[in-house]
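**Q** Have a look at the structure that comes next, please.
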Amino acid sequence: MSSPPPESSRQHCMVIKCLQCWSYVVVFGSARGEHTCTVCGLVFRANFGDSEPKWSEIREVRRPALIFGVPRGLKTAAAMRESGLPQHTGSPRRGKQHWYPLANDPALHAAGVEIGARMLLLSGESPQLRISFRANGKIASVKCVHVAVYAGPLASLPAEADLARSSEQHPISLAPEEHFFALKSYVAGIADVGIGAMFRMAREAGNQSVGFNDLMQQQILQTLFRVASRAALDLSLWLIDDATLPAAQSPHRPASIPQITSVLARWLSHAPHVSPEVLAHLALVDDFRVREAVLNHGAASDETRASLGEDGDQHVRATVAKHLFTPVETLARLAQDVNEDVRANIAENIVTPPEILARLSYDPEGLVRGRAAKHSRLPPQHLPRLAEDAHFYVRTGVAENVQSSPELLARLARDEITDVRDAVARNDHTPPKVLARLARDEYKYVRVNVARNPHTPPEILARLAEDAEVEVREGVAGNLHTPRNIFTLLVKEEAARRERYQKLVARWENDINAKEYWIEKE
């Protein structure tokens, strides 16, 4: 640990280990002033020597006083290069850095991860402070803002004084060297305590700013995943396992650990290489976002997906229901789920067997019956019954089904609900006679879909090319099967329309200019 700067009027900073609870305290002020542990409240007097601080006159326990360290967003080395900020070279004019090994974090230490204090010095601006991690040639950082500090001895303050205030709104006036000394002391304390211990300490601290707060925990994990994803995963699993131990085995058991699991879920959704064994372990995490990410991962085993099919969260079961690799036995079980969204996803899944779809076509919910009605694997004998369903969404599903007979489509083309007729117009198997009828539909978007249908006859396209609605004419122009002479005619008519429009605009502008001229003249 570095020694403090020479005795002067400037503010001092040092990280000290408490003799009572073994937590770390960042102290400011006189080198021989009184200081208070933020965890247990122990008041002590520290005498700084040439290297390690010495302890004397341990006094009574009173209200915790000092707080330190607030994160302010992530900043990777790549982003710093893109922004044009100067890189750390060790030069006092450009910046400073100092690195520490994470000896108390086995997974991170084995991966060669180091934590560093880094400071950028930009002309005319306050120093930019970073808590950084590096491994395997990668560096990622968290921007850090110092918090609240007092420059004099604690004995001079009244007992009710509030010693903590954020330097974000009330900047601390320090020389750059002292900023870096304070940051380096803080990072050295983190390295000596260990990242895992800092997380555990924060869970026990309650409202006190001890260890890492929620935002800092998320940003530290995100940074570690950027430089050493496997080691960060091991750390996350260790923290999750530690948090779920019985209270008799772990005094640090929280109700939940969302700040860890949210980062883990985001990383897992983009991680290509994760073993099935790790995914099976993550499938037990008490956060549905993590379990959904496990389910969507290509390396998840059938056993893991089957176990998630019995998950207590309906969102997870719904995700299982629509996944292409879900085992058939799981699909059959979820087809009887109490939640209609789960059953609807089963009815929509392209791998759902015909026998399960036939069962879902009798479901009491219209949403489920409708999705089963438009499924291409539904046995065709169920379509006539569904075409007469009271729920329009079910009839729309039949109108979209590629297996629907010409007779069913002709009947549905006369449906009173526009959505049903619109679905018939979109169906590639709709007969030309039915398309001819729909080409005269009063609802323009039905005519638009007739114009877009690749099986619409040329004579119907020619009639729609003269439609009053521009969307219908655009549908004809966008149809790859529109004859060349019709397409050429559309282009010429559209050019003539634009020319007439431009003339109208020019006449309107001339009229406005003329009015303004006579107003100014008068």
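We label chains A, B, ... in the order they appear in the structure tokens, count residues from 1 in each chain, and number ligands from 1 in the order shown.
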Check segment 197-400 of chain A with DSSP on the backbone and list each residue it calls helix (DSSP H, G or I), as an MDAnalysis selection string.

**A** chainID A and resid 197:204 214:227 229:243 258:268 276:282 288:296 302:308 314:322 328:334 340:348 354:360 366:373 380:387 392:400

**Q** In terms of the shortest atom-to-atom distance over only C-alpha atoms, which of A:Ala468, A:Met201, A:Leu324, A:Ala413 is closest to Leu295 of chain A?

**A**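 Closest to Leu295 of chain A, using only C-alpha atoms: A:Leu324.
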
**Q** Env of Glu340 of chain A: 8 Å cut, atoms = only C-alpha atoms, seq-sep filter 5 positions within chain, self excluded. Answer as a ChimeraX atom specification.

**A** /A:365,367-368

**Q** Which residues, written as a PDB file with all heavy atoms, in the first residue's frame, have at least one atom at most 9 Å from Leu409 of chain A, with only C-alpha atoms counted and residues fewer than 4 positions away on the same chain left out?

**A**
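File produced: around07.pdb:
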```
ATOM      1  N   VAL A 398     -58.493 -19.491 -40.401  1.00  0.00           N
ATOM      2  CA  VAL A 398     -58.860 -20.391 -41.494  1.00  0.00           C
ATOM      3  C   VAL A 398     -58.606 -19.719 -42.837  1.00  0.00           C
ATOM      4  O   VAL A 398     -58.116 -20.345 -43.789  1.00  0.00           O
ATOM      5  CB  VAL A 398     -60.330 -20.817 -41.366  1.00  0.00           C
ATOM      6  CG1 VAL A 398     -60.736 -21.713 -42.542  1.00  0.00           C
ATOM      7  CG2 VAL A 398     -60.574 -21.540 -40.044  1.00  0.00           C
ATOM      8  N   ALA A 399     -58.921 -18.419 -42.945  1.00  0.00           N
ATOM      9  CA  ALA A 399     -58.708 -17.692 -44.196  1.00  0.00           C
ATOM     10  C   ALA A 399     -57.235 -17.602 -44.561  1.00  0.00           C
ATOM     11  O   ALA A 399     -56.881 -17.496 -45.744  1.00  0.00           O
ATOM     12  CB  ALA A 399     -59.304 -16.287 -44.077  1.00  0.00           C
ATOM     13  N   SER A 404     -56.847 -24.425 -46.700  1.00  0.00           N
ATOM     14  CA  SER A 404     -58.273 -24.136 -46.835  1.00  0.00           C
ATOM     15  C   SER A 404     -58.720 -24.365 -48.274  1.00  0.00           C
ATOM     16  O   SER A 404     -58.044 -23.938 -49.226  1.00  0.00           O
ATOM     17  CB  SER A 404     -58.573 -22.698 -46.414  1.00  0.00           C
ATOM     18  OG  SER A 404     -58.349 -22.530 -45.026  1.00  0.00           O
ATOM     19  N   SER A 405     -59.876 -25.006 -48.433  1.00  0.00           N
ATOM     20  CA  SER A 405     -60.394 -25.325 -49.766  1.00  0.00           C
ATOM     21  C   SER A 405     -60.934 -24.069 -50.444  1.00  0.00           C
ATOM     22  O   SER A 405     -61.250 -23.074 -49.783  1.00  0.00           O
ATOM     23  CB  SER A 405     -61.498 -26.367 -49.649  1.00  0.00           C
ATOM     24  OG  SER A 405     -62.610 -25.816 -48.934  1.00  0.00           O
ATOM     25  N   ALA A 413     -64.832 -15.046 -47.975  1.00  0.00           N
ATOM     26  CA  ALA A 413     -64.679 -13.779 -48.701  1.00  0.00           C
ATOM     27  C   ALA A 413     -65.904 -12.898 -48.549  1.00  0.00           C
ATOM     28  O   ALA A 413     -65.834 -11.703 -48.875  1.00  0.00           O
ATOM     29  CB  ALA A 413     -64.402 -14.054 -50.176  1.00  0.00           C
ATOM     30  N   ARG A 414     -67.030 -13.463 -48.098  1.00  0.00           N
ATOM     31  CA  ARG A 414     -68.247 -12.687 -47.868  1.00  0.00           C
ATOM     32  C   ARG A 414     -68.439 -12.350 -46.385  1.00  0.00           C
ATOM     33  O   ARG A 414     -69.495 -11.846 -45.997  1.00  0.00           O
ATOM     34  CB  ARG A 414     -69.461 -13.472 -48.366  1.00  0.00           C
ATOM     35  CG  ARG A 414     -69.458 -13.766 -49.850  1.00  0.00           C
ATOM     36  CD  ARG A 414     -70.750 -14.444 -50.270  1.00  0.00           C
ATOM     37  NE  ARG A 414     -70.783 -14.728 -51.709  1.00  0.00           N
ATOM     38  CZ  ARG A 414     -70.347 -15.854 -52.253  1.00  0.00           C
ATOM     39  NH1 ARG A 414     -69.834 -16.813 -51.474  1.00  0.00           N
ATOM     40  NH2 ARG A 414     -70.420 -16.028 -53.563  1.00  0.00           N
ATOM     41  N   ARG A 421     -61.935 -10.980 -44.603  1.00  0.00           N
ATOM     42  CA  ARG A 421     -61.829 -10.794 -46.047  1.00  0.00           C
ATOM     43  C   ARG A 421     -60.398 -10.419 -46.445  1.00  0.00           C
ATOM     44  O   ARG A 421     -59.892 -10.839 -47.494  1.00  0.00           O
ATOM     45  CB  ARG A 421     -62.807  -9.709 -46.521  1.00  0.00           C
ATOM     46  CG  ARG A 421     -64.259  -9.993 -46.147  1.00  0.00           C
ATOM     47  CD  ARG A 421     -65.221  -9.111 -46.939  1.00  0.00           C
ATOM     48  NE  ARG A 421     -64.928  -7.688 -46.850  1.00  0.00           N
ATOM     49  CZ  ARG A 421     -65.348  -6.887 -45.876  1.00  0.00           C
ATOM     50  NH1 ARG A 421     -66.089  -7.376 -44.878  1.00  0.00           N
ATOM     51  NH2 ARG A 421     -65.055  -5.601 -45.872  1.00  0.00           N
ATOM     52  N   VAL A 424     -58.330 -13.530 -46.660  1.00  0.00           N
ATOM     53  CA  VAL A 424     -58.606 -14.265 -47.895  1.00  0.00           C
ATOM     54  C   VAL A 424     -57.855 -13.632 -49.069  1.00  0.00           C
ATOM     55  O   VAL A 424     -57.287 -14.323 -49.918  1.00  0.00           O
ATOM     56  CB  VAL A 424     -60.125 -14.301 -48.174  1.00  0.00           C
ATOM     57  CG1 VAL A 424     -60.404 -14.982 -49.510  1.00  0.00           C
ATOM     58  CG2 VAL A 424     -60.857 -15.019 -47.047  1.00  0.00           C
ATOM     59  N   ASN A 427     -54.234 -14.778 -49.140  1.00  0.00           N
ATOM     60  CA  ASN A 427     -53.964 -16.206 -49.307  1.00  0.00           C
ATOM     61  C   ASN A 427     -53.582 -16.511 -50.756  1.00  0.00           C
ATOM     62  O   ASN A 427     -54.302 -16.158 -51.693  1.00  0.00           O
ATOM     63  CB  ASN A 427     -55.203 -17.014 -48.903  1.00  0.00           C
ATOM     64  CG  ASN A 427     -54.862 -18.479 -48.661  1.00  0.00           C
ATOM     65  OD1 ASN A 427     -54.090 -19.082 -49.400  1.00  0.00           O
ATOM     66  ND2 ASN A 427     -55.455 -19.052 -47.625  1.00  0.00           N
ATOM     67  N   HIS A 429     -53.688 -19.205 -52.230  1.00  0.00           N
ATOM     68  CA  HIS A 429     -54.508 -20.256 -52.826  1.00  0.00           C
ATOM     69  C   HIS A 429     -55.940 -19.789 -53.094  1.00  0.00           C
ATOM     70  O   HIS A 429     -56.801 -20.608 -53.424  1.00  0.00           O
ATOM     71  CB  HIS A 429     -54.519 -21.487 -51.917  1.00  0.00           C
ATOM     72  CG  HIS A 429     -53.183 -22.141 -51.795  1.00  0.00           C
ATOM     73  ND1 HIS A 429     -52.181 -21.643 -50.994  1.00  0.00           N
ATOM     74  CD2 HIS A 429     -52.666 -23.247 -52.389  1.00  0.00           C
ATOM     75  CE1 HIS A 429     -51.109 -22.419 -51.076  1.00  0.00           C
ATOM     76  NE2 HIS A 429     -51.376 -23.403 -51.921  1.00  0.00           N
ATOM     77  N   THR A 430     -56.201 -18.497 -52.954  1.00  0.00           N
ATOM     78  CA  THR A 430     -57.547 -17.983 -53.219  1.00  0.00           C
ATOM     79  C   THR A 430     -57.833 -18.042 -54.719  1.00  0.00           C
ATOM     80  O   THR A 430     -57.020 -17.561 -55.524  1.00  0.00           O
ATOM     81  CB  THR A 430     -57.671 -16.533 -52.715  1.00  0.00           C
ATOM     82  OG1 THR A 430     -57.435 -16.523 -51.303  1.00  0.00           O
ATOM     83  CG2 THR A 430     -59.065 -15.989 -52.977  1.00  0.00           C
ATOM     84  N   PRO A 431     -58.972 -18.606 -55.136  1.00  0.00           N
ATOM     85  CA  PRO A 431     -59.286 -18.725 -56.565  1.00  0.00           C
ATOM     86  C   PRO A 431     -59.439 -17.355 -57.232  1.00  0.00           C
ATOM     87  O   PRO A 431     -59.796 -16.363 -56.573  1.00  0.00           O
ATOM     88  CB  PRO A 431     -60.617 -19.492 -56.578  1.00  0.00           C
ATOM     89  CG  PRO A 431     -60.694 -20.150 -55.247  1.00  0.00           C
ATOM     90  CD  PRO A 431     -59.979 -19.250 -54.287  1.00  0.00           C
ATOM     91  N   VAL A 434     -62.777 -15.494 -56.691  1.00  0.00           N
ATOM     92  CA  VAL A 434     -62.904 -14.863 -55.376  1.00  0.00           C
ATOM     93  C   VAL A 434     -62.082 -13.586 -55.327  1.00  0.00           C
ATOM     94  O   VAL A 434     -62.523 -12.563 -54.774  1.00  0.00           O
ATOM     95  CB  VAL A 434     -62.460 -15.851 -54.278  1.00  0.00           C
ATOM     96  CG1 VAL A 434     -62.533 -15.197 -52.906  1.00  0.00           C
ATOM     97  CG2 VAL A 434     -63.307 -17.120 -54.310  1.00  0.00           C
TER      98      VAL A 434
END
```

**Q** With distances taken over only C-alpha atoms, which residue among A:Phe133, A:Phe225, A:Phe325, A:Tyr100 lies nearest Asn349 of chain A?

**A**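 The shortest atom-to-atom distance to Asn349 of chain A comes from A:Phe325.
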